[in-house]
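J.: So here's final-v7.cif (mmCIF, C-alpha atoms).
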data_work
#
loop_
_atom_site.label_atom_id
_atom_site.label_comp_id
_atom_site.auth_asym_id
_atom_site.auth_seq_id
_atom_site.Cartn_x
_atom_site.Cartn_y
_atom_site.Cartn_z
CA MET F 1 0.00 0.00 0.00
CA PHE F 2 2.88 2.37 0.75
CA LEU F 3 4.20 2.10 -2.82
CA PHE F 4 0.72 2.67 -4.25
CA VAL F 5 0.16 5.80 -2.13
CA LEU F 6 3.69 7.06 -2.89
CA VAL F 7 3.18 6.78 -6.66
CA ILE F 8 -0.24 8.49 -6.52
CA MET F 9 1.06 11.41 -4.47
CA ILE F 10 4.39 11.91 -6.27
CA ASP F 11 3.01 11.35 -9.77
CA PRO F 12 -0.72 12.27 -9.73
CA THR F 13 -0.94 12.68 -13.52
CA ASN F 14 1.13 9.53 -14.23
CA GLY F 15 3.35 11.64 -16.46
CA LEU F 16 6.62 11.25 -14.53
CA LEU F 17 7.02 7.59 -13.56
CA HIS F 18 4.26 5.93 -15.60
CA LEU F 19 3.89 3.36 -12.82
CA LYS F 20 0.36 3.96 -11.55
CA ASP F 21 -1.31 1.06 -13.38
CA LYS F 22 1.51 -1.40 -12.74
CA VAL F 23 1.78 -0.59 -9.05
CA PHE F 24 -2.01 -0.73 -8.63
CA ILE F 25 -2.22 -4.19 -10.21
CA ALA F 26 0.72 -5.39 -8.09
CA VAL F 27 -0.81 -4.08 -4.85
CA VAL F 28 -4.22 -5.63 -5.61
CA ALA F 29 -2.55 -8.94 -6.44
CA TYR F 30 -0.62 -8.80 -3.16
CA CYS F 31 -3.81 -8.08 -1.19
CA VAL F 32 -5.62 -10.98 -2.87
CA VAL F 33 -2.85 -13.34 -1.80
CA ALA F 34 -2.04 -11.89 1.64
CA TYR F 35 -5.46 -10.90 3.02
CA LYS F 36 -8.99 -12.18 3.12
CA ILE F 37 -11.55 -10.08 1.24
CA ASP F 38 -13.91 -8.12 3.46
CA ILE F 39 -17.23 -7.51 1.65
CA LYS F 40 -18.30 -4.79 4.11
CA TYR F 41 -17.59 -2.10 1.51
CA LEU F 42 -18.47 -4.11 -1.60
CA ALA F 43 -21.46 -1.85 -2.30
CA HIS F 44 -19.17 1.18 -2.08
CA VAL F 45 -17.00 -0.36 -4.79
CA LEU F 46 -19.91 -1.32 -7.06
CA LEU F 47 -22.14 1.77 -6.81
CA PRO F 48 -19.86 4.14 -8.80
CA ILE F 49 -19.28 1.43 -11.43
CA VAL F 50 -23.03 0.90 -11.84
CA ALA F 51 -23.66 4.66 -11.97
CA ILE F 52 -21.11 5.21 -14.76
CA ALA F 53 -22.27 2.15 -16.74
CA MET F 54 -25.95 3.07 -16.37
CA SER F 55 -25.36 6.68 -17.45
CA TYR F 56 -23.34 5.53 -20.45
CA VAL F 57 -26.15 3.23 -21.63
CA LEU F 58 -28.72 6.01 -21.14
CA SER F 59 -26.53 8.44 -23.08
CA ILE F 60 -26.50 6.03 -26.03
CA MET F 61 -30.30 5.75 -25.85
CA GLN F 62 -30.50 9.57 -25.95
CA GLY F 63 -28.22 9.68 -28.98
CA ASN F 64 -25.43 11.56 -27.23
CA ILE F 65 -21.92 11.09 -28.60
CA ALA F 66 -19.25 10.14 -26.06
CA ASP F 67 -15.47 10.06 -26.25
CA MET F 68 -14.63 6.43 -25.47
CA ASP F 69 -11.24 7.37 -24.04
CA GLU F 70 -13.05 9.60 -21.54
CA VAL F 71 -15.55 6.85 -20.72
CA LEU F 72 -12.72 4.41 -20.00
CA ALA F 73 -10.96 7.12 -17.99
CA ALA F 74 -14.10 7.51 -15.85
CA PHE F 75 -14.07 3.79 -15.02
CA LYS F 76 -10.32 3.84 -14.48
CA SER F 77 -10.52 6.80 -12.08
CA ILE F 78 -12.62 4.82 -9.58
CA MET F 79 -10.71 1.53 -9.77
CA PRO F 80 -8.68 2.26 -6.59
CA LEU F 81 -11.95 1.83 -4.68
CA ILE F 82 -11.29 -1.92 -5.03
CA MET F 83 -8.76 -1.43 -2.22
CA LEU F 84 -11.71 -0.86 0.15
CA LEU F 85 -12.08 -4.66 0.22
CA TRP F 86 -8.84 -4.82 2.25
CA ILE F 87 -8.78 -1.35 3.76
CA LYS F 88 -9.06 -2.54 7.36
CA HIS F 89 -5.50 -3.86 7.15
CA PHE F 90 -3.95 -0.45 6.48
CA ASN F 91 -3.52 2.90 8.20
CA VAL F 92 -3.38 5.06 5.09
CA ILE F 93 -3.01 8.39 6.92
CA LYS F 94 0.13 7.07 8.60
CA ILE F 95 1.36 5.68 5.27
CA MET F 96 0.89 9.12 3.69
CA GLY F 97 3.42 10.74 6.05
CA ILE F 98 6.63 10.24 4.05
CA PRO F 99 5.04 10.86 0.60
CA ALA F 100 3.49 14.08 1.97
CA VAL F 101 6.87 15.41 3.06
CA LEU F 102 8.38 14.46 -0.31
CA VAL F 103 5.63 16.38 -2.14
CA CYS F 104 6.41 19.43 0.00
CA VAL F 105 10.16 19.17 -0.58
CA ILE F 106 9.69 18.88 -4.35
CA SER F 107 7.30 21.86 -4.42
CA ILE F 108 9.57 24.11 -2.33
CA THR F 109 12.70 23.12 -4.26
CA CYS F 110 11.12 23.84 -7.65
CA TRP F 111 9.67 27.14 -6.44
CA LEU F 112 13.00 28.36 -5.05
CA LEU F 113 14.94 27.30 -8.16
CA MET F 114 12.45 29.02 -10.46
CA LEU F 115 12.67 32.24 -8.45
CA TYR F 116 16.47 32.10 -8.37
CA ASP F 117 17.18 31.82 -12.08
CA PRO F 118 14.98 32.51 -15.16
CA VAL F 119 16.87 29.78 -17.04
CA LEU F 120 16.00 27.22 -14.37
CA GLU F 121 12.44 28.51 -14.44
CA SER F 122 12.23 27.78 -18.18
CA ILE F 123 13.77 24.33 -17.79
CA ILE F 124 11.51 23.29 -14.90
CA TYR F 125 8.42 24.73 -16.58
CA LYS F 126 9.13 22.91 -19.85
CA TYR F 127 9.85 19.63 -18.05
CA ASN F 128 6.63 19.99 -16.08
CA MET F 129 4.51 20.69 -19.17
CA ASP F 130 6.16 17.84 -21.10
CA HIS F 131 5.17 15.43 -18.30
CA ASP F 132 1.43 16.17 -18.01
CA ALA F 133 1.84 19.17 -15.71
CA THR F 134 2.31 17.43 -12.37
CA MET F 135 2.62 20.90 -10.85
CA GLN F 136 0.37 23.85 -11.61
CA MET F 137 2.61 26.87 -12.09
CA SER F 138 1.09 30.30 -12.53
CA LYS F 139 1.42 34.01 -11.89
CA ARG F 140 -1.85 35.27 -10.46
CA THR F 141 -3.17 38.49 -8.99
CA ILE F 142 -5.13 37.93 -5.78
CA MET F 143 -6.67 41.00 -4.11
CA GLY F 144 -4.28 43.22 -6.08
CA VAL F 145 -1.14 41.27 -5.16
CA GLN F 146 0.74 39.31 -7.84
CA ILE F 147 1.73 35.85 -6.67
CA PHE F 148 3.91 33.25 -8.35
CA GLY F 149 2.35 29.92 -7.44
CA CYS F 150 3.68 26.38 -7.55
CA TYR F 151 0.88 23.95 -6.70
CA TYR F 152 1.49 20.20 -6.68
CA LYS F 153 -1.63 18.53 -8.05
CA SER F 154 -1.77 15.91 -5.30
CA PHE F 155 -1.62 18.51 -2.52
CA VAL F 156 -5.09 17.75 -1.11
CA SER F 157 -3.96 14.20 -0.36
CA ILE F 158 -1.57 15.54 2.31
CA MET F 159 -4.32 17.36 4.22
CA PHE F 160 -4.85 14.60 6.80
CA VAL F 161 -1.12 14.43 7.46
CA MET F 162 -0.99 18.20 7.77
CA PHE F 163 -3.78 18.22 10.37
CA SER F 164 -2.10 15.37 12.27
CA VAL F 165 1.11 17.39 12.44
CA ILE F 166 -0.74 20.48 13.73
CA TYR F 167 -2.64 18.38 16.26
CA GLY F 168 0.58 16.74 17.45
CA MET F 169 2.35 20.10 17.69
CA LEU F 170 -0.39 21.49 19.94
CA ASN F 171 -0.87 18.41 22.11
CA THR F 172 2.39 16.51 22.55
CA GLN F 173 4.32 17.02 25.80
CA LYS F 174 7.59 15.61 24.46
CA THR F 175 10.11 18.33 23.60
CA PHE F 176 11.82 16.42 20.78
CA ALA F 177 8.50 15.39 19.22
CA LYS F 178 7.16 18.97 19.46
CA PHE F 179 10.29 20.29 17.76
CA GLY F 180 9.79 17.80 14.93
CA TYR F 181 6.15 18.76 14.55
CA ILE F 182 7.08 22.45 14.43
CA ILE F 183 9.56 21.84 11.60
CA LEU F 184 6.97 19.87 9.64
CA PHE F 185 4.37 22.55 10.31
CA VAL F 186 6.67 25.26 8.93
CA ILE F 187 7.23 23.15 5.81
CA PHE F 188 3.50 22.67 5.29
CA MET F 189 2.84 26.37 5.90
CA PHE F 190 5.45 27.33 3.31
CA VAL F 191 3.96 24.97 0.72
CA CYS F 192 0.51 26.44 1.33
CA ALA F 193 1.87 29.97 1.00
CA ILE F 194 3.55 29.31 -2.37
CA SER F 195 0.63 27.34 -3.81
CA GLY F 196 -0.97 30.41 -5.37
CA THR F 197 -4.46 29.01 -4.74
CA ARG F 198 -6.85 30.80 -2.42
CA SER F 199 -8.23 27.78 -0.57
CA THR F 200 -4.79 26.26 0.02
CA MET F 201 -3.29 29.51 1.35
CA LEU F 202 -6.06 29.78 3.96
CA LEU F 203 -5.98 26.08 4.88
CA PRO F 204 -3.39 26.19 7.74
CA PHE F 205 -5.41 28.82 9.62
CA ALA F 206 -8.55 26.72 9.39
CA MET F 207 -6.67 23.65 10.62
CA ILE F 208 -5.12 25.48 13.57
CA GLY F 209 -8.61 26.57 14.56
CA MET F 210 -9.93 23.01 14.32
CA ALA F 211 -7.04 21.60 16.34
CA SER F 212 -7.23 24.20 19.13
CA TYR F 213 -10.98 24.88 19.38
CA ARG F 214 -11.78 22.08 21.81
CA GLN F 215 -8.80 22.87 24.08
CA ILE F 216 -9.82 26.53 24.27
CA MET F 217 -13.43 25.67 25.08
CA ALA F 218 -12.31 23.30 27.84
CA HIS F 219 -10.78 26.12 29.94
CA GLU F 220 -13.32 28.62 31.21
CA LYS F 221 -10.99 31.57 31.87
CA VAL F 222 -9.12 31.15 28.63
CA ARG F 223 -12.40 30.67 26.79
CA TYR F 224 -13.85 34.00 27.89
CA LEU F 225 -10.59 35.76 27.02
CA LEU F 226 -10.06 34.23 23.60
CA LEU F 227 -13.61 33.71 22.32
CA PRO F 228 -14.05 37.40 21.37
CA ILE F 229 -10.71 37.31 19.58
CA LEU F 230 -11.62 34.08 17.80
CA PHE F 231 -14.98 35.52 16.82
CA ILE F 232 -13.30 38.57 15.27
CA PHE F 233 -10.77 36.31 13.52
CA PHE F 234 -13.59 34.10 12.22
CA VAL F 235 -15.49 37.10 10.83
CA VAL F 236 -12.34 38.41 9.16
CA PHE F 237 -11.57 34.94 7.82
CA LEU F 238 -15.05 34.63 6.29
CA GLY F 239 -14.71 38.14 4.89
CA VAL F 240 -11.43 37.24 3.17
CA VAL F 241 -12.93 34.02 1.80
CA PHE F 242 -15.92 35.95 0.44
CA MET F 243 -13.70 38.61 -1.13
CA LEU F 244 -11.53 36.00 -2.79
CA ALA F 245 -14.51 34.02 -4.05
CA SER F 246 -16.34 37.10 -5.36
CA GLU F 247 -13.34 38.75 -7.03
CA THR F 248 -14.78 38.70 -10.55
CA SER F 249 -11.77 40.52 -12.00
CA GLU F 250 -9.59 37.54 -11.11
CA TYR F 251 -9.19 35.41 -14.26
CA SER F 252 -9.90 32.04 -12.63
CA ASN F 253 -13.05 33.33 -10.92
CA SER F 254 -14.42 34.91 -14.10
CA ILE F 255 -14.07 31.57 -15.90
CA LYS F 256 -15.80 29.66 -13.10
CA TYR F 257 -18.75 32.05 -13.02
CA ALA F 258 -19.11 31.76 -16.80
CA HIS F 259 -19.23 27.96 -16.43
CA VAL F 260 -22.18 28.22 -14.04
CA GLY F 261 -24.22 30.22 -16.53
CA SER F 262 -23.52 27.62 -19.20
CA TYR F 263 -24.64 24.81 -16.89
CA ILE F 264 -27.90 26.64 -16.19
CA ASP F 265 -28.52 27.10 -19.91
CA LEU F 266 -27.79 23.41 -20.56
CA PHE F 267 -30.18 22.15 -17.86
CA ILE F 268 -32.92 24.52 -19.02
CA GLU F 269 -32.56 23.25 -22.59
CA HIS F 270 -32.17 19.58 -21.56
CA PRO F 271 -33.89 19.04 -18.18
CA GLN F 272 -33.72 15.27 -18.70
CA TYR F 273 -30.00 15.47 -17.96
CA LEU F 274 -30.85 16.16 -14.31
CA LEU F 275 -32.44 12.70 -14.20
CA PHE F 276 -30.57 10.55 -16.71
CA GLY F 277 -27.37 12.53 -17.21
CA GLN F 278 -25.80 13.48 -20.51
CA GLY F 279 -23.40 10.58 -20.11
CA PRO F 280 -19.69 10.17 -19.30
CA GLY F 281 -17.34 11.40 -22.00
CA THR F 282 -19.90 13.78 -23.53
CA GLU F 283 -19.21 17.44 -24.23
CA PHE F 284 -21.11 20.66 -23.66
CA TYR F 285 -20.42 24.25 -24.62
CA THR F 286 -19.26 26.60 -21.86
CA GLU F 287 -18.76 30.33 -22.07
CA GLY F 288 -15.94 29.97 -19.54
CA PHE F 289 -13.62 28.39 -22.09
CA ARG F 290 -15.70 29.39 -25.14
CA ALA F 291 -15.42 25.80 -26.31
CA TYR F 292 -16.95 22.35 -26.03
CA VAL F 293 -15.44 20.52 -23.07
CA VAL F 294 -15.83 17.22 -21.23
CA ARG F 295 -15.36 18.72 -17.76
CA THR F 296 -14.96 22.01 -15.92
CA GLU F 297 -13.71 22.94 -12.45
CA TRP F 298 -17.22 22.56 -10.96
CA THR F 299 -16.89 18.90 -10.02
CA TYR F 300 -20.34 18.38 -8.54
CA LEU F 301 -22.07 20.07 -11.48
CA ASP F 302 -20.03 17.83 -13.77
CA LEU F 303 -21.27 14.79 -11.86
CA VAL F 304 -24.90 15.87 -12.22
CA ARG F 305 -24.45 16.64 -15.92
CA ASN F 306 -22.76 13.33 -16.64
CA TYR F 307 -24.68 10.95 -14.39
CA GLY F 308 -27.96 12.58 -13.34
CA ILE F 309 -29.35 10.67 -10.35
CA GLY F 310 -26.37 8.35 -10.72
CA SER F 311 -24.31 11.15 -9.18
CA LEU F 312 -26.11 10.41 -5.89
CA MET F 313 -24.81 6.83 -6.06
CA ILE F 314 -21.28 8.12 -6.54
CA MET F 315 -21.52 10.81 -3.87
CA SER F 316 -22.89 8.31 -1.34
CA VAL F 317 -19.42 6.75 -1.25
CA PHE F 318 -17.89 10.14 -0.42
CA ILE F 319 -20.60 11.16 2.07
CA PHE F 320 -20.65 7.85 4.00
CA PRO F 321 -17.60 8.70 6.20
CA LEU F 322 -19.36 11.85 7.42
CA TRP F 323 -22.36 9.76 8.51
CA ARG F 324 -20.18 7.04 10.02
CA LEU F 325 -18.00 9.36 12.11
CA ARG F 326 -20.73 11.76 13.24
CA LYS F 327 -21.20 9.99 16.60
CA SER F 328 -17.48 10.06 17.42
CA LEU F 329 -16.94 13.81 17.20
CA SER F 330 -16.41 14.09 20.96
CA ASP F 331 -12.86 12.87 20.26
CA ASN F 332 -10.79 15.95 19.39
CA TYR F 333 -8.67 14.17 16.81
CA VAL F 334 -11.69 12.61 15.10
CA PHE F 335 -13.34 16.04 15.06
CA GLY F 336 -10.30 17.50 13.27
CA ILE F 337 -10.08 14.70 10.71
CA TYR F 338 -13.83 15.01 10.14
CA CYS F 339 -13.57 18.76 9.47
CA THR F 340 -10.49 18.26 7.30
CA TYR F 341 -12.44 15.82 5.15
CA ILE F 342 -15.27 18.35 4.80
CA ILE F 343 -12.72 20.95 3.64
CA TYR F 344 -11.42 18.43 1.09
CA LEU F 345 -14.94 17.89 -0.26
CA PHE F 346 -15.32 21.67 -0.54
CA ILE F 347 -12.00 22.09 -2.38
CA ALA F 348 -12.79 19.12 -4.64
CA GLY F 349 -16.05 20.81 -5.61
CA THR F 350 -14.23 23.62 -7.40
CA ASN F 351 -11.28 21.60 -8.70
CA PRO F 352 -11.05 18.26 -10.57
CA LEU F 353 -9.92 16.42 -7.44
CA LEU F 354 -12.79 14.04 -6.73
CA MET F 355 -12.96 11.45 -9.51
CA SER F 356 -9.19 11.08 -9.76
CA SER F 357 -6.37 9.06 -8.24
CA THR F 358 -5.78 11.88 -5.75
CA GLY F 359 -9.43 11.78 -4.71
CA MET F 360 -9.26 8.01 -4.37
CA ALA F 361 -6.21 8.35 -2.09
CA VAL F 362 -8.24 10.64 0.18
CA ILE F 363 -11.16 8.18 0.16
CA LEU F 364 -8.90 5.27 1.09
CA ALA F 365 -7.40 7.40 3.87
CA ILE F 366 -10.74 8.33 5.46
CA TYR F 367 -12.11 4.78 5.19
CA SER F 368 -8.96 3.32 6.74
CA PHE F 369 -9.26 5.92 9.50
CA MET F 370 -12.79 4.72 10.24
CA GLU F 371 -11.62 1.12 10.40
CA ASN F 372 -8.66 1.93 12.65
CA TYR F 373 -10.92 3.91 14.95
CA ASP F 374 -13.43 1.07 15.24
CA ASN F 375 -11.00 -1.84 15.39
CA ASN F 376 -8.82 -0.28 18.10
CA GLU F 377 -11.78 0.43 20.39
CA LYS F 378 -11.76 4.12 19.51
CA ASN F 379 -8.09 4.47 20.41
CA VAL F 380 -7.04 6.27 17.21
CA GLN F 381 -3.40 6.50 16.27
CA LYS F 382 -2.81 10.25 16.61
CA GLU F 383 0.72 10.56 15.34
CA CYS F 384 1.00 9.73 11.68
CA CYS F 385 4.55 10.86 11.09
#
Could you write out this file's structure as structure tokens?

T.:
Amino acid sequence: MFLFVLVIMIDPTNGLLHLKDKVFIAVVAYCVVAYKIDIKYLAHVLLPIVAIAMSYVLSIMQGNIADMDEVLAAFKSIMPLIMLLWIKHFNVIKIMGIPAVLVCVISITCWLLMLYDPVLESIIYKYNMDHDATMQMSKRTIMGVQIFGCYYKSFVSIMFVMFSVIYGMLNTQKTFAKFGYIILFVIFMFVCAISGTRSTMLLPFAMIGMASYRQIMAHEKVRYLLLPILFIFFVVFLGVVFMLASETSEYSNSIKYAHVGSYIDLFIEHPQYLLFGQGPGTEFYTEGFRAYVVRTEWTYLDLVRNYGIGSLMIMSVFIFPLWRLRKSLSDNYVFGIYCTYIIYLFIAGTNPLLMSSTGMAVILAIYSFMENYDNNEKNVQKECC
């Protein structure tokens, strides 16, 4: 499992190592031989497959033309869910520790080299684009400030590790361990700062709040002192989020808003798509790109367009952990992981990070967390690194 997670996180687009398929087959073969299949999550494996197949058949009946490569890619994107049949044997969040640090080191190194020398910037940029753009590199203006961003496309898969580091930093009593957590926290903070994406830059502040909220509320004197400050911070935080989201002059935002209008027009013209879906691999015209496209950055709208009510079958797999863990939120660590997963679902809604290998890594992580929490009598492993 470690090798599988490592390859997904280091090479999310499969353009660097070209090992995703081979490693996946090898890991599944190993699990078949080494472990007994647990059918507890068999429905979670089958539901997305049925939804995609059903929507494809319905799209043919409607006469919609689909790109077969995209249809196969849709099936391929959910294949890692097969690992749910053996997920109880793994602690994926712990496994993600080393790959998460490697992703950060690669991102920081590339960013520093590109800032240091324009020649190195050209070389790294060309190499990145020639290998399916594993990193998203851009110069953007956010709230009037120009930012050079270097965003690794598997970043969201390190979110659980990042929260675990913050939680450990705030709760461990061991000096050496705290020092290690602080170093890792600084690394994660730096990667978030250079990402150039609004949600990622704000992520550490949200996680610190999640990790410290319960401790603050547990102390009456501290609570009354800090609650007003936290309230002000929360209002400011929401204000910044709103300003960033509503900044129509920002290029990325203007495209996203144009997509929404095109979706509305499509569903008005073809209301049957809300029920049956247009089908996987089909295209629609969007004013955002002024072209016919298979997908946009609005992941959940893409799901509805492609699969109709089948999108509910797919989303049930992603929503299930929220239902399963809802009764365990009295545990501070579970509460933080729960909120981190909600943040991931929010980020994935405006980026193509749900039906992908990166999204599948997050799903395997949250399902393995549930199993570890249950199987160890709610004694969750709280130090993943």

J.: Could you tell me how far atom CA of Gly349 of chain F sits from atom CA of His259 of chain F, in Å to one decimal place?

T.: 13.4 Å

J.: Fewer than 5 positions away in the same chain doesn't count, so skip those; otherwise give me all residues within 9 Å of segment 189-197 of chain F, counting only C-alpha atoms, as a ChimeraX atom specification.

T.: /F:104-105,107-108,111,136-140,142,147-152,184,202-204

J.: Have a look at atom CA of Arg198 of chain F and atom CA of Ile347 of chain F and let me know their distance in Å, one decimal.

T.: 10.1 Å

J.: If the PyMOL selection byres ((chain F and resi 50) around 12) is run on the structure shown, which residues does it catch, given as number ranges by chain?

T.: F: 43-49, 51-57, 74-75, 78, 307, 309-314

J.: Which distance in Å separates atom CA of Ser154 of chain F and atom CA of Glu283 of chain F, to one decimal?

T.: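 Separation of atom CA of Ser154 of chain F and atom CA of Glu283 of chain F: 25.8 Å.
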
J.: My list of candidates is F:Met61, F:Leu3, F:Glu297, F:Lys22. Which is closest to Tyr257 of chain F when distances are computed with all atoms listed in the file?

T.: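 Result for the nearest residue to Tyr257 of chain F: F:Glu297.
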
J.: Just the residues within 12 Å of Phe163 of chain F, please, counting only C-alpha atoms, with nothing from its chain fewer than 5 positions along; format it as a count of residues only.

T.: 40

J.: Can you list, as a VMD selection string, every protein, DNA or RNA residue that comes within 9 Å of Gly281 of chain F when you count only C-alpha atoms, leaving out same-chain residues fewer than 2 positions away?

T.: chain F and resid 56 65 to 74 278 to 279 283 294 to 295 306

J.: Which neighbours of Leu113 of chain F fall inside 12 Å, counting only C-alpha atoms, when residues of the same chain fewer than 4 positions from it are skipped, and could you give them as a list in words?

T.: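 Here the qualifying residues turn out to be Ile106, Ser107, Ile108, Thr109, Asp117, Pro118, Val119, Leu120, Glu121, Ser122, Ile123, Ile124, Tyr125 and Cys150 of chain F.
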
J.: Give as a list in words the set of residues within 7 Å of the point (-4.6, 11.5, -3.3), where distances use the file's coordinates and all atoms listed in the file.

T.: Ile8, Met9, Ser154, Val156, Ser157, Ser357, Thr358, Gly359, Met360, Ala361 and Val362 of chain F

J.: Let me make sure I understand: among F:Phe179, F:Phe284, F:Phe24, F:Ser262, which one has the smallest atom-to-atom distance to Lys76 of chain F if we use only C-alpha atoms?

T.: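 Selected residue with least distance to Lys76 of chain F: F:Phe24.
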
J.: Considering only C-alpha atoms, can you say which of F:Ile25, F:Ala291, F:Leu301, F:Val165 comes closest to Ile264 of chain F?

T.: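 Using only C-alpha atoms, Ile264 of chain F sits closest to F:Leu301.
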